[in-house]
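Here's entry-v3.txt, which has compact mmCIF, N, CA and C atoms:
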# COMPACT_ATOMS: atom_id res chain seq x y z
N MET A 1 0.85 -1.17 0.00
CA MET A 1 0.00 0.00 0.00
C MET A 1 0.90 1.24 0.00
N GLU A 2 0.54 2.16 -0.85
CA GLU A 2 1.29 3.41 -0.99
C GLU A 2 1.04 4.31 0.22
N GLU A 3 1.89 5.27 0.44
CA GLU A 3 1.78 6.17 1.57
C GLU A 3 0.51 7.04 1.51
N ASN A 4 0.08 7.45 0.34
CA ASN A 4 -1.08 8.33 0.18
C ASN A 4 -2.38 7.56 -0.04
N GLU A 5 -2.38 6.24 0.02
CA GLU A 5 -3.59 5.44 -0.20
C GLU A 5 -4.34 5.23 1.11
N THR A 6 -5.63 5.05 0.99
CA THR A 6 -6.48 4.77 2.16
C THR A 6 -7.10 3.40 1.98
N ASN A 7 -7.09 2.61 3.03
CA ASN A 7 -7.65 1.27 3.00
C ASN A 7 -9.04 1.32 3.65
N TYR A 8 -10.08 1.06 2.87
CA TYR A 8 -11.45 1.11 3.39
C TYR A 8 -12.00 -0.27 3.74
N GLU A 9 -11.19 -1.30 3.72
CA GLU A 9 -11.67 -2.65 3.98
C GLU A 9 -12.15 -2.84 5.41
N ALA A 10 -11.63 -2.11 6.36
CA ALA A 10 -11.98 -2.29 7.77
C ALA A 10 -13.08 -1.33 8.23
N TYR A 11 -13.66 -0.56 7.32
CA TYR A 11 -14.67 0.41 7.71
C TYR A 11 -16.03 0.00 7.17
N TYR A 12 -17.06 0.31 7.93
CA TYR A 12 -18.44 0.05 7.50
C TYR A 12 -19.19 1.37 7.52
N PHE A 13 -20.00 1.58 6.51
CA PHE A 13 -20.77 2.82 6.42
C PHE A 13 -22.26 2.47 6.40
N TYR A 14 -23.04 3.23 7.14
CA TYR A 14 -24.48 3.00 7.23
C TYR A 14 -25.22 4.30 6.92
N ALA A 15 -26.44 4.13 6.47
CA ALA A 15 -27.30 5.29 6.22
C ALA A 15 -28.72 4.91 6.61
N LEU A 16 -29.49 5.88 7.02
CA LEU A 16 -30.88 5.65 7.39
C LEU A 16 -31.78 6.38 6.40
N ASN A 17 -32.64 5.62 5.75
CA ASN A 17 -33.61 6.20 4.83
C ASN A 17 -34.78 6.70 5.68
N MET A 18 -34.87 8.00 5.87
CA MET A 18 -35.87 8.57 6.77
C MET A 18 -37.29 8.33 6.28
N GLU A 19 -37.50 8.28 4.98
CA GLU A 19 -38.84 8.02 4.45
C GLU A 19 -39.29 6.61 4.85
N ASN A 20 -38.44 5.63 4.67
CA ASN A 20 -38.77 4.26 5.08
C ASN A 20 -38.93 4.16 6.59
N PHE A 21 -38.10 4.88 7.32
CA PHE A 21 -38.20 4.88 8.77
C PHE A 21 -39.55 5.40 9.24
N HIS A 22 -39.98 6.55 8.69
CA HIS A 22 -41.27 7.13 9.09
C HIS A 22 -42.44 6.23 8.67
N GLU A 23 -42.34 5.61 7.52
CA GLU A 23 -43.39 4.69 7.08
C GLU A 23 -43.51 3.50 8.04
N ALA A 24 -42.38 2.93 8.41
CA ALA A 24 -42.38 1.80 9.36
C ALA A 24 -42.89 2.25 10.72
N TYR A 25 -42.45 3.42 11.17
CA TYR A 25 -42.90 3.94 12.46
C TYR A 25 -44.41 4.15 12.47
N ASN A 26 -44.96 4.74 11.42
CA ASN A 26 -46.40 4.97 11.35
C ASN A 26 -47.18 3.66 11.33
N THR A 27 -46.67 2.66 10.63
CA THR A 27 -47.33 1.35 10.59
C THR A 27 -47.33 0.71 11.97
N LEU A 28 -46.18 0.73 12.65
CA LEU A 28 -46.08 0.11 13.96
C LEU A 28 -46.86 0.86 15.04
N SER A 29 -46.94 2.15 14.93
CA SER A 29 -47.62 2.93 15.97
C SER A 29 -49.12 3.09 15.71
N SER A 30 -49.64 2.57 14.59
CA SER A 30 -51.07 2.73 14.31
C SER A 30 -51.93 1.96 15.30
N ASP A 31 -51.50 0.78 15.72
CA ASP A 31 -52.20 -0.02 16.73
C ASP A 31 -51.18 -0.54 17.73
N PRO A 32 -50.75 0.32 18.66
CA PRO A 32 -49.71 -0.11 19.59
C PRO A 32 -50.25 -1.09 20.62
N MET A 33 -49.33 -1.76 21.28
CA MET A 33 -49.70 -2.65 22.38
C MET A 33 -50.10 -1.78 23.56
N ASN A 34 -51.24 -2.08 24.18
CA ASN A 34 -51.72 -1.33 25.34
C ASN A 34 -51.28 -2.05 26.61
N ILE A 35 -50.38 -1.44 27.36
CA ILE A 35 -49.84 -2.03 28.57
C ILE A 35 -50.77 -1.71 29.74
N GLU A 36 -51.18 -2.75 30.49
CA GLU A 36 -52.07 -2.57 31.63
C GLU A 36 -51.32 -2.68 32.96
N ILE A 37 -50.44 -3.68 33.07
CA ILE A 37 -49.68 -3.91 34.30
C ILE A 37 -48.22 -4.14 33.91
N VAL A 38 -47.32 -3.48 34.64
CA VAL A 38 -45.89 -3.73 34.44
C VAL A 38 -45.23 -3.71 35.80
N ASN A 39 -44.55 -4.80 36.15
CA ASN A 39 -43.63 -4.80 37.28
C ASN A 39 -42.50 -5.76 36.96
N GLU A 40 -41.65 -6.04 37.92
CA GLU A 40 -40.43 -6.78 37.61
C GLU A 40 -40.65 -8.20 37.12
N ASN A 41 -41.80 -8.81 37.41
CA ASN A 41 -42.02 -10.19 36.97
C ASN A 41 -43.41 -10.44 36.38
N HIS A 42 -44.11 -9.39 36.02
CA HIS A 42 -45.46 -9.57 35.49
C HIS A 42 -45.81 -8.43 34.53
N ILE A 43 -46.25 -8.80 33.36
CA ILE A 43 -46.68 -7.81 32.37
C ILE A 43 -48.02 -8.26 31.81
N LYS A 44 -48.96 -7.34 31.76
CA LYS A 44 -50.28 -7.63 31.19
C LYS A 44 -50.55 -6.56 30.14
N ALA A 45 -50.95 -6.99 28.94
CA ALA A 45 -51.16 -6.04 27.85
C ALA A 45 -52.21 -6.59 26.89
N SER A 46 -52.61 -5.75 25.95
CA SER A 46 -53.52 -6.19 24.90
C SER A 46 -53.05 -5.63 23.57
N VAL A 47 -53.31 -6.40 22.52
CA VAL A 47 -53.00 -5.95 21.17
C VAL A 47 -54.29 -6.03 20.37
N ASN A 48 -54.48 -5.08 19.49
CA ASN A 48 -55.71 -5.00 18.70
C ASN A 48 -55.39 -5.00 17.22
N ASN A 49 -56.35 -5.49 16.46
CA ASN A 49 -56.33 -5.40 15.00
C ASN A 49 -55.16 -6.09 14.33
N LEU A 50 -54.75 -7.25 14.86
CA LEU A 50 -53.75 -8.02 14.13
C LEU A 50 -54.40 -8.53 12.86
N ASN A 51 -53.78 -8.31 11.72
CA ASN A 51 -54.39 -8.65 10.44
C ASN A 51 -54.28 -10.12 10.09
N ALA A 52 -53.23 -10.76 10.48
CA ALA A 52 -53.01 -12.17 10.13
C ALA A 52 -52.15 -12.78 11.22
N ASN A 53 -51.82 -14.05 11.06
CA ASN A 53 -50.91 -14.66 12.01
C ASN A 53 -49.61 -13.85 12.01
N GLN A 54 -49.25 -13.36 13.17
CA GLN A 54 -48.08 -12.51 13.28
C GLN A 54 -47.23 -12.92 14.46
N LEU A 55 -45.97 -12.61 14.37
CA LEU A 55 -45.05 -12.80 15.46
C LEU A 55 -44.91 -11.44 16.16
N VAL A 56 -45.45 -11.35 17.36
CA VAL A 56 -45.38 -10.10 18.12
C VAL A 56 -44.13 -10.20 19.00
N PHE A 57 -43.14 -9.35 18.71
CA PHE A 57 -41.93 -9.44 19.51
C PHE A 57 -41.78 -8.23 20.41
N THR A 58 -41.06 -8.46 21.50
CA THR A 58 -40.89 -7.45 22.54
C THR A 58 -39.43 -7.07 22.65
N SER A 59 -39.16 -6.09 23.46
CA SER A 59 -37.78 -5.72 23.75
C SER A 59 -37.30 -6.42 25.02
N ILE A 60 -38.08 -7.39 25.49
CA ILE A 60 -37.71 -8.16 26.69
C ILE A 60 -36.71 -9.24 26.29
N PRO A 61 -35.58 -9.33 26.98
CA PRO A 61 -34.64 -10.40 26.67
C PRO A 61 -35.26 -11.77 26.92
N TYR A 62 -35.02 -12.71 26.00
CA TYR A 62 -35.55 -14.05 26.14
C TYR A 62 -34.86 -14.75 27.31
N ASP A 63 -35.67 -15.41 28.13
CA ASP A 63 -35.16 -16.19 29.25
C ASP A 63 -36.14 -17.33 29.49
N LYS A 64 -35.62 -18.48 29.86
CA LYS A 64 -36.48 -19.66 30.05
C LYS A 64 -37.47 -19.48 31.19
N GLY A 65 -37.27 -18.50 32.05
CA GLY A 65 -38.17 -18.28 33.18
C GLY A 65 -39.48 -17.59 32.80
N TRP A 66 -39.60 -17.05 31.58
CA TRP A 66 -40.82 -16.36 31.17
C TRP A 66 -41.88 -17.38 30.74
N LYS A 67 -43.09 -17.17 31.19
CA LYS A 67 -44.25 -17.92 30.72
C LYS A 67 -45.18 -16.91 30.05
N ALA A 68 -45.71 -17.28 28.88
CA ALA A 68 -46.57 -16.38 28.12
C ALA A 68 -47.97 -16.97 28.01
N TYR A 69 -48.96 -16.11 28.14
CA TYR A 69 -50.37 -16.51 28.02
C TYR A 69 -51.05 -15.57 27.04
N VAL A 70 -51.74 -16.14 26.07
CA VAL A 70 -52.52 -15.36 25.11
C VAL A 70 -53.98 -15.76 25.32
N ASP A 71 -54.80 -14.79 25.69
CA ASP A 71 -56.21 -15.01 25.98
C ASP A 71 -56.40 -16.14 26.99
N GLY A 72 -55.52 -16.19 28.00
CA GLY A 72 -55.63 -17.17 29.07
C GLY A 72 -55.00 -18.53 28.78
N GLN A 73 -54.59 -18.77 27.56
CA GLN A 73 -53.98 -20.05 27.18
C GLN A 73 -52.46 -19.89 27.14
N GLN A 74 -51.75 -20.83 27.79
CA GLN A 74 -50.29 -20.74 27.78
C GLN A 74 -49.74 -21.06 26.40
N VAL A 75 -48.82 -20.24 25.95
CA VAL A 75 -48.13 -20.43 24.67
C VAL A 75 -46.63 -20.40 24.93
N GLN A 76 -45.87 -20.94 24.00
CA GLN A 76 -44.42 -20.99 24.14
C GLN A 76 -43.81 -19.73 23.54
N PRO A 77 -43.14 -18.88 24.34
CA PRO A 77 -42.45 -17.73 23.75
C PRO A 77 -41.29 -18.22 22.90
N GLN A 78 -40.95 -17.43 21.89
CA GLN A 78 -39.86 -17.78 20.99
C GLN A 78 -38.70 -16.80 21.16
N LYS A 79 -37.52 -17.29 20.86
CA LYS A 79 -36.33 -16.45 20.90
C LYS A 79 -36.08 -15.92 19.49
N VAL A 80 -36.05 -14.58 19.35
CA VAL A 80 -35.81 -13.97 18.05
C VAL A 80 -34.59 -13.06 18.14
N MET A 81 -33.93 -12.88 17.01
CA MET A 81 -32.76 -12.01 16.92
C MET A 81 -31.70 -12.39 17.96
N ASP A 82 -31.62 -13.67 18.26
CA ASP A 82 -30.64 -14.24 19.20
C ASP A 82 -30.76 -13.74 20.64
N SER A 83 -31.82 -12.98 20.97
CA SER A 83 -31.87 -12.50 22.34
C SER A 83 -33.24 -12.01 22.82
N LEU A 84 -34.16 -11.71 21.94
CA LEU A 84 -35.43 -11.11 22.37
C LEU A 84 -36.56 -12.13 22.37
N MET A 85 -37.62 -11.83 23.12
CA MET A 85 -38.75 -12.72 23.24
C MET A 85 -39.87 -12.30 22.29
N ALA A 86 -40.48 -13.29 21.64
CA ALA A 86 -41.60 -13.03 20.72
C ALA A 86 -42.68 -14.07 20.97
N ILE A 87 -43.92 -13.71 20.59
CA ILE A 87 -45.06 -14.60 20.76
C ILE A 87 -45.82 -14.64 19.45
N GLU A 88 -46.12 -15.84 18.99
CA GLU A 88 -46.90 -15.99 17.76
C GLU A 88 -48.38 -15.86 18.08
N MET A 89 -49.11 -15.05 17.28
CA MET A 89 -50.53 -14.81 17.53
C MET A 89 -51.34 -14.86 16.24
N ASN A 90 -52.59 -15.22 16.40
CA ASN A 90 -53.53 -15.23 15.28
C ASN A 90 -54.09 -13.82 15.06
N ALA A 91 -54.81 -13.66 13.96
CA ALA A 91 -55.45 -12.38 13.67
C ALA A 91 -56.49 -12.05 14.75
N GLY A 92 -56.72 -10.76 14.96
CA GLY A 92 -57.75 -10.31 15.90
C GLY A 92 -57.20 -9.54 17.08
N ASN A 93 -58.01 -9.46 18.13
CA ASN A 93 -57.65 -8.75 19.36
C ASN A 93 -57.29 -9.79 20.42
N HIS A 94 -56.23 -9.53 21.17
CA HIS A 94 -55.76 -10.51 22.14
C HIS A 94 -55.28 -9.84 23.42
N HIS A 95 -55.43 -10.59 24.52
CA HIS A 95 -54.87 -10.18 25.81
C HIS A 95 -53.63 -11.05 26.05
N ILE A 96 -52.54 -10.40 26.42
CA ILE A 96 -51.27 -11.08 26.63
C ILE A 96 -50.88 -10.92 28.10
N GLU A 97 -50.38 -11.99 28.67
CA GLU A 97 -49.87 -11.92 30.03
C GLU A 97 -48.52 -12.63 30.05
N LEU A 98 -47.53 -11.97 30.60
CA LEU A 98 -46.18 -12.52 30.72
C LEU A 98 -45.83 -12.58 32.19
N LYS A 99 -45.38 -13.75 32.65
CA LYS A 99 -45.00 -13.93 34.05
C LYS A 99 -43.59 -14.50 34.09
N TYR A 100 -42.78 -13.97 35.01
CA TYR A 100 -41.40 -14.42 35.11
C TYR A 100 -41.12 -15.02 36.47
N THR A 101 -40.55 -16.22 36.45
CA THR A 101 -40.05 -16.87 37.65
C THR A 101 -38.61 -17.28 37.35
N PRO A 102 -37.66 -16.79 38.13
CA PRO A 102 -36.26 -17.14 37.84
C PRO A 102 -36.05 -18.64 37.88
N PRO A 103 -35.27 -19.17 36.93
CA PRO A 103 -34.98 -20.61 36.96
C PRO A 103 -34.31 -20.96 38.30
N GLY A 104 -34.75 -22.04 38.92
CA GLY A 104 -34.19 -22.46 40.20
C GLY A 104 -34.86 -21.83 41.40
N PHE A 105 -35.86 -20.97 41.18
CA PHE A 105 -36.52 -20.28 42.29
C PHE A 105 -37.22 -21.26 43.23
N ALA A 106 -37.97 -22.22 42.68
CA ALA A 106 -38.71 -23.19 43.50
C ALA A 106 -37.74 -24.04 44.32
N LEU A 107 -36.68 -24.53 43.67
CA LEU A 107 -35.68 -25.32 44.39
C LEU A 107 -35.02 -24.50 45.49
N GLY A 108 -34.71 -23.26 45.20
CA GLY A 108 -34.11 -22.37 46.20
C GLY A 108 -35.03 -22.16 47.40
N MET A 109 -36.33 -22.02 47.14
CA MET A 109 -37.29 -21.84 48.24
C MET A 109 -37.37 -23.10 49.09
N VAL A 110 -37.39 -24.28 48.46
CA VAL A 110 -37.46 -25.54 49.21
C VAL A 110 -36.21 -25.68 50.08
N ILE A 111 -35.04 -25.42 49.52
CA ILE A 111 -33.80 -25.52 50.29
C ILE A 111 -33.80 -24.53 51.44
N SER A 112 -34.29 -23.32 51.22
CA SER A 112 -34.34 -22.31 52.28
C SER A 112 -35.27 -22.74 53.41
N VAL A 113 -36.44 -23.25 53.07
CA VAL A 113 -37.40 -23.68 54.09
C VAL A 113 -36.83 -24.85 54.89
N ILE A 114 -36.24 -25.82 54.20
CA ILE A 114 -35.63 -26.96 54.90
C ILE A 114 -34.52 -26.48 55.82
N SER A 115 -33.72 -25.53 55.38
CA SER A 115 -32.63 -25.01 56.19
C SER A 115 -33.15 -24.31 57.44
N VAL A 116 -34.18 -23.52 57.30
CA VAL A 116 -34.76 -22.82 58.47
C VAL A 116 -35.34 -23.82 59.45
N VAL A 117 -36.08 -24.81 58.94
CA VAL A 117 -36.67 -25.83 59.82
C VAL A 117 -35.56 -26.60 60.53
N ALA A 118 -34.50 -27.00 59.81
CA ALA A 118 -33.38 -27.73 60.41
C ALA A 118 -32.70 -26.86 61.48
N PHE A 119 -32.52 -25.58 61.20
CA PHE A 119 -31.90 -24.69 62.18
C PHE A 119 -32.75 -24.61 63.45
N ILE A 120 -34.05 -24.47 63.30
CA ILE A 120 -34.94 -24.38 64.47
C ILE A 120 -34.90 -25.68 65.26
N LEU A 121 -34.94 -26.82 64.57
CA LEU A 121 -34.88 -28.11 65.26
C LEU A 121 -33.56 -28.27 66.01
N LEU A 122 -32.44 -27.98 65.34
CA LEU A 122 -31.14 -28.11 66.00
C LEU A 122 -31.00 -27.14 67.17
N TYR A 123 -31.52 -25.94 67.02
CA TYR A 123 -31.47 -24.97 68.11
C TYR A 123 -32.27 -25.48 69.31
N ASN A 124 -33.47 -26.01 69.05
CA ASN A 124 -34.30 -26.54 70.14
C ASN A 124 -33.64 -27.73 70.81
N ILE A 125 -33.03 -28.62 70.04
CA ILE A 125 -32.34 -29.78 70.62
C ILE A 125 -31.18 -29.31 71.49
N LYS A 126 -30.40 -28.38 70.99
CA LYS A 126 -29.26 -27.84 71.75
C LYS A 126 -29.74 -27.11 72.99
N PHE A 127 -30.79 -26.32 72.87
CA PHE A 127 -31.33 -25.56 74.00
C PHE A 127 -31.84 -26.51 75.08
N ARG A 128 -32.51 -27.60 74.68
CA ARG A 128 -33.02 -28.58 75.65
C ARG A 128 -31.88 -29.28 76.36
N SER A 129 -30.82 -29.62 75.60
CA SER A 129 -29.69 -30.33 76.25
C SER A 129 -28.97 -29.42 77.23
N ILE A 130 -28.86 -28.13 76.92
CA ILE A 130 -28.24 -27.18 77.85
C ILE A 130 -29.12 -27.05 79.10
N LYS A 131 -30.43 -26.97 78.90
CA LYS A 131 -31.38 -26.82 80.01
C LYS A 131 -31.35 -28.07 80.89
N LYS A 132 -31.20 -29.25 80.28
CA LYS A 132 -31.18 -30.51 81.01
C LYS A 132 -29.91 -30.63 81.87
N ASN A 133 -28.79 -30.13 81.33
CA ASN A 133 -27.51 -30.24 82.06
C ASN A 133 -27.40 -29.27 83.23
N LYS A 134 -28.24 -28.26 83.30
CA LYS A 134 -28.18 -27.29 84.40
C LYS A 134 -28.91 -27.81 85.55
Re-express the file's structure as structure tokens.
Amino acid sequence: MEENETNYEAYYFYALNMENFHEAYNTLSSDPMNIEIVNENHIKASVNNLNANQLVFTSIPYDKGWKAYVDGQQVQPQKVMDSLMAIEMNAGNHHIELKYTPPGFALGMVISVISVVAFILLYNIKFRSIKKNK
């Protein structure tokens, strides 16, 4: 490579077509998802006017702990774009509910309860033996 030459092989250039962007934005915002409840492990929302079978995706990271319900029926959330959660839905109006339970939560609760019960039992046994020896 000559001293005055520029190597563009390592550079990437991007452009945003604002007309296409506004068209997509208007389409997506025409019937937005209506959020009813949001907290750290529960989301309740509704979507209206789906025209056909569609994949409704969220900005929520996909995790095995999420359970999805559409109109009260449990459905399997899908992983899209290698990280986000999506739900397949039929045409029409739907109520969506998402609930999150961390993987291992139930096992952790069982171990914690057993540990507390064991501690109380051992404490009582030790306390009785001390009381008996006095």
Please identify all polymer residues within 5 Å of A:Ala91, counting all atoms listed in the file, omitting same-chain residues fewer than 5 positions from it, and present them as an MDAnalysis selection string. chainID A and resid 50:53
Please run DSSP on the backbone and report, as a PyMOL selection string, all residues within chain A that come out as strand (DSSP E). chain A and resi 34-39+42-50+54-61+66-70+73-75+78-80+84-89+92-100
Mind checking DSSP for chain A and telling me the helix (DSSP H, G or I) residues as an MDAnalysis selection string? chainID A and resid 18:29 105:133
Take the residues from that selection and put them in a file with N, CA and C atoms, as a short mmCIF file (atom, residue, chain, number, x, y, z; two decimals), in the coordinates of the input.
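In the end it all went to again.cif:
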data_model
loop_
_atom_site.label_atom_id
_atom_site.label_comp_id
_atom_site.auth_asym_id
_atom_site.auth_seq_id
_atom_site.Cartn_x
_atom_site.Cartn_y
_atom_site.Cartn_z
N MET A 18 -34.87 8.00 5.87
CA MET A 18 -35.87 8.57 6.77
C MET A 18 -37.29 8.33 6.28
N GLU A 19 -37.50 8.28 4.98
CA GLU A 19 -38.84 8.02 4.45
C GLU A 19 -39.29 6.61 4.85
N ASN A 20 -38.44 5.63 4.67
CA ASN A 20 -38.77 4.26 5.08
C ASN A 20 -38.93 4.16 6.59
N PHE A 21 -38.10 4.88 7.32
CA PHE A 21 -38.20 4.88 8.77
C PHE A 21 -39.55 5.40 9.24
N HIS A 22 -39.98 6.55 8.69
CA HIS A 22 -41.27 7.13 9.09
C HIS A 22 -42.44 6.23 8.67
N GLU A 23 -42.34 5.61 7.52
CA GLU A 23 -43.39 4.69 7.08
C GLU A 23 -43.51 3.50 8.04
N ALA A 24 -42.38 2.93 8.41
CA ALA A 24 -42.38 1.80 9.36
C ALA A 24 -42.89 2.25 10.72
N TYR A 25 -42.45 3.42 11.17
CA TYR A 25 -42.90 3.94 12.46
C TYR A 25 -44.41 4.15 12.47
N ASN A 26 -44.96 4.74 11.42
CA ASN A 26 -46.40 4.97 11.35
C ASN A 26 -47.18 3.66 11.33
N THR A 27 -46.67 2.66 10.63
CA THR A 27 -47.33 1.35 10.59
C THR A 27 -47.33 0.71 11.97
N LEU A 28 -46.18 0.73 12.65
CA LEU A 28 -46.08 0.11 13.96
C LEU A 28 -46.86 0.86 15.04
N SER A 29 -46.94 2.15 14.93
CA SER A 29 -47.62 2.93 15.97
C SER A 29 -49.12 3.09 15.71
N PHE A 105 -35.86 -20.97 41.18
CA PHE A 105 -36.52 -20.28 42.29
C PHE A 105 -37.22 -21.26 43.23
N ALA A 106 -37.97 -22.22 42.68
CA ALA A 106 -38.71 -23.19 43.50
C ALA A 106 -37.74 -24.04 44.32
N LEU A 107 -36.68 -24.53 43.67
CA LEU A 107 -35.68 -25.32 44.39
C LEU A 107 -35.02 -24.50 45.49
N GLY A 108 -34.71 -23.26 45.20
CA GLY A 108 -34.11 -22.37 46.20
C GLY A 108 -35.03 -22.16 47.40
N MET A 109 -36.33 -22.02 47.14
CA MET A 109 -37.29 -21.84 48.24
C MET A 109 -37.37 -23.10 49.09
N VAL A 110 -37.39 -24.28 48.46
CA VAL A 110 -37.46 -25.54 49.21
C VAL A 110 -36.21 -25.68 50.08
N ILE A 111 -35.04 -25.42 49.52
CA ILE A 111 -33.80 -25.52 50.29
C ILE A 111 -33.80 -24.53 51.44
N SER A 112 -34.29 -23.32 51.22
CA SER A 112 -34.34 -22.31 52.28
C SER A 112 -35.27 -22.74 53.41
N VAL A 113 -36.44 -23.25 53.07
CA VAL A 113 -37.40 -23.68 54.09
C VAL A 113 -36.83 -24.85 54.89
N ILE A 114 -36.24 -25.82 54.20
CA ILE A 114 -35.63 -26.96 54.90
C ILE A 114 -34.52 -26.48 55.82
N SER A 115 -33.72 -25.53 55.38
CA SER A 115 -32.63 -25.01 56.19
C SER A 115 -33.15 -24.31 57.44
N VAL A 116 -34.18 -23.52 57.30
CA VAL A 116 -34.76 -22.82 58.47
C VAL A 116 -35.34 -23.82 59.45
N VAL A 117 -36.08 -24.81 58.94
CA VAL A 117 -36.67 -25.83 59.82
C VAL A 117 -35.56 -26.60 60.53
N ALA A 118 -34.50 -27.00 59.81
CA ALA A 118 -33.38 -27.73 60.41
C ALA A 118 -32.70 -26.86 61.48
N PHE A 119 -32.52 -25.58 61.20
CA PHE A 119 -31.90 -24.69 62.18
C PHE A 119 -32.75 -24.61 63.45
N ILE A 120 -34.05 -24.47 63.30
CA ILE A 120 -34.94 -24.38 64.47
C ILE A 120 -34.90 -25.68 65.26
N LEU A 121 -34.94 -26.82 64.57
CA LEU A 121 -34.88 -28.11 65.26
C LEU A 121 -33.56 -28.27 66.01
N LEU A 122 -32.44 -27.98 65.34
CA LEU A 122 -31.14 -28.11 66.00
C LEU A 122 -31.00 -27.14 67.17
N TYR A 123 -31.52 -25.94 67.02
CA TYR A 123 -31.47 -24.97 68.11
C TYR A 123 -32.27 -25.48 69.31
N ASN A 124 -33.47 -26.01 69.05
CA ASN A 124 -34.30 -26.54 70.14
C ASN A 124 -33.64 -27.73 70.81
N ILE A 125 -33.03 -28.62 70.04
CA ILE A 125 -32.34 -29.78 70.62
C ILE A 125 -31.18 -29.31 71.49
N LYS A 126 -30.40 -28.38 70.99
CA LYS A 126 -29.26 -27.84 71.75
C LYS A 126 -29.74 -27.11 72.99
N PHE A 127 -30.79 -26.32 72.87
CA PHE A 127 -31.33 -25.56 74.00
C PHE A 127 -31.84 -26.51 75.08
N ARG A 128 -32.51 -27.60 74.68
CA ARG A 128 -33.02 -28.58 75.65
C ARG A 128 -31.88 -29.28 76.36
N SER A 129 -30.82 -29.62 75.60
CA SER A 129 -29.69 -30.33 76.25
C SER A 129 -28.97 -29.42 77.23
N ILE A 130 -28.86 -28.13 76.92
CA ILE A 130 -28.24 -27.18 77.85
C ILE A 130 -29.12 -27.05 79.10
N LYS A 131 -30.43 -26.97 78.90
CA LYS A 131 -31.38 -26.82 80.01
C LYS A 131 -31.35 -28.07 80.89
N LYS A 132 -31.20 -29.25 80.28
CA LYS A 132 -31.18 -30.51 81.01
C LYS A 132 -29.91 -30.63 81.87
N ASN A 133 -28.79 -30.13 81.33
CA ASN A 133 -27.51 -30.24 82.06
C ASN A 133 -27.40 -29.27 83.23
#
Would you kindly return, as a ChimeraX atom specification, each protein, DNA or RNA residue with an atom no farther than 7 Å from any atom of A:Ala86, considering only N, CA and C atoms and excluding same-chain residues fewer than 6 positions away? /A:55-58,62,76-80
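For the atom pair formed by atom CA of A:Met33 and atom N of A:Leu98, the distance is 12.6 Å, given to one decimal.
Among the candidates A:Tyr12, A:Gly108, A:Asn17, A:Asn48, the residue lying nearest to A:Ser29 is A:Asn48 (atoms considered: only C-alpha atoms).
Near A:Ser83, within 7 Å and counting all atoms listed in the file, sit Ile60, Pro61, Tyr62 and Asp63 of chain A; same-chain residues fewer than 5 positions away were not included.
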Let's have the selection written as a tab-separated table (two decimals), in the frame of the given file, with N, CA and C atoms.
chain	number	residue	atom	x	y	z
A	60	ILE	N	-38.08	-7.39	25.49
A	60	ILE	CA	-37.71	-8.16	26.69
A	60	ILE	C	-36.71	-9.24	26.29
A	61	PRO	N	-35.58	-9.33	26.98
A	61	PRO	CA	-34.64	-10.40	26.67
A	61	PRO	C	-35.26	-11.77	26.92
A	62	TYR	N	-35.02	-12.71	26.00
A	62	TYR	CA	-35.55	-14.05	26.14
A	62	TYR	C	-34.86	-14.75	27.31
A	63	ASP	N	-35.67	-15.41	28.13
A	63	ASP	CA	-35.16	-16.19	29.25
A	63	ASP	C	-36.14	-17.33	29.49
Kindly indicate which residue among A:Lys99, A:Tyr14, A:Gly92, A:Ser129 lies nearest to A:Val75, using only C-alpha atoms for the distances. A:Lys99
What is the distance, in Å and to one decimal place, between atom C of A:Ile37 and atom N of A:Ala106? 22.6 Å
What's the 7 Å shell around A:Glu97, counting all atoms listed in the file, without same-chain residues fewer than 4 positions away, as a PyMOL selection string? chain A and resi 42-45+67-72
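Note that the spacing between atom CA of A:Met89 and atom N of A:Glu23 amounts to 24.2 Å.
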Where's the centre, and what are the edge lengths in Å to one decimal, of a box along x, y and z enclosing all listed atoms of stretch 55-74 of chain A padded 3 Å per side, as AutoDock Vina command-line options?
--center_x -45.5 --center_y -13.4 --center_z 23.8 --size_x 27.8 --size_y 21.3 --size_z 24.8
Using all atoms listed in the file, the residue out of A:Gln73, A:Asn133, A:Asn41, A:Ser115 with shortest distance to A:Thr101 is A:Asn41
Skip A:Val47 itself and residues of its chain fewer than 4 positions away, then list as JSON, numbers by chain all residues within 8 Å of it, counting only C-alpha atoms. {"A": [31, 32, 33, 34, 93, 94, 95, 96]}
For stretch 112-117 of chain A, where the input has fewer atoms than it should, I would like N, CA, C and O atoms rebuilt and written as a PDB file, in the coordinates of the input.
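Output file part.pdb follows:
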ATOM      1  N   SER A 112     -34.290 -23.320  51.220  1.00  0.00           N
ATOM      2  CA  SER A 112     -34.340 -22.310  52.280  1.00  0.00           C
ATOM      3  C   SER A 112     -35.270 -22.740  53.410  1.00  0.00           C
ATOM      4  O   SER A 112     -34.924 -22.608  54.589  1.00  0.00           O
ATOM      5  N   VAL A 113     -36.440 -23.250  53.070  1.00  0.00           N
ATOM      6  CA  VAL A 113     -37.400 -23.680  54.090  1.00  0.00           C
ATOM      7  C   VAL A 113     -36.830 -24.850  54.890  1.00  0.00           C
ATOM      8  O   VAL A 113     -36.904 -24.866  56.130  1.00  0.00           O
ATOM      9  N   ILE A 114     -36.240 -25.820  54.200  1.00  0.00           N
ATOM     10  CA  ILE A 114     -35.630 -26.960  54.900  1.00  0.00           C
ATOM     11  C   ILE A 114     -34.520 -26.480  55.820  1.00  0.00           C
ATOM     12  O   ILE A 114     -34.395 -26.955  56.968  1.00  0.00           O
ATOM     13  N   SER A 115     -33.720 -25.530  55.380  1.00  0.00           N
ATOM     14  CA  SER A 115     -32.630 -25.010  56.190  1.00  0.00           C
ATOM     15  C   SER A 115     -33.150 -24.310  57.440  1.00  0.00           C
ATOM     16  O   SER A 115     -32.602 -24.498  58.541  1.00  0.00           O
ATOM     17  N   VAL A 116     -34.180 -23.520  57.300  1.00  0.00           N
ATOM     18  CA  VAL A 116     -34.760 -22.820  58.470  1.00  0.00           C
ATOM     19  C   VAL A 116     -35.340 -23.820  59.450  1.00  0.00           C
ATOM     20  O   VAL A 116     -35.127 -23.717  60.666  1.00  0.00           O
ATOM     21  N   VAL A 117     -36.080 -24.810  58.940  1.00  0.00           N
ATOM     22  CA  VAL A 117     -36.670 -25.830  59.820  1.00  0.00           C
ATOM     23  C   VAL A 117     -35.560 -26.600  60.530  1.00  0.00           C
ATOM     24  O   VAL A 117     -35.627 -26.852  61.742  1.00  0.00           O
TER      25      VAL A 117
END
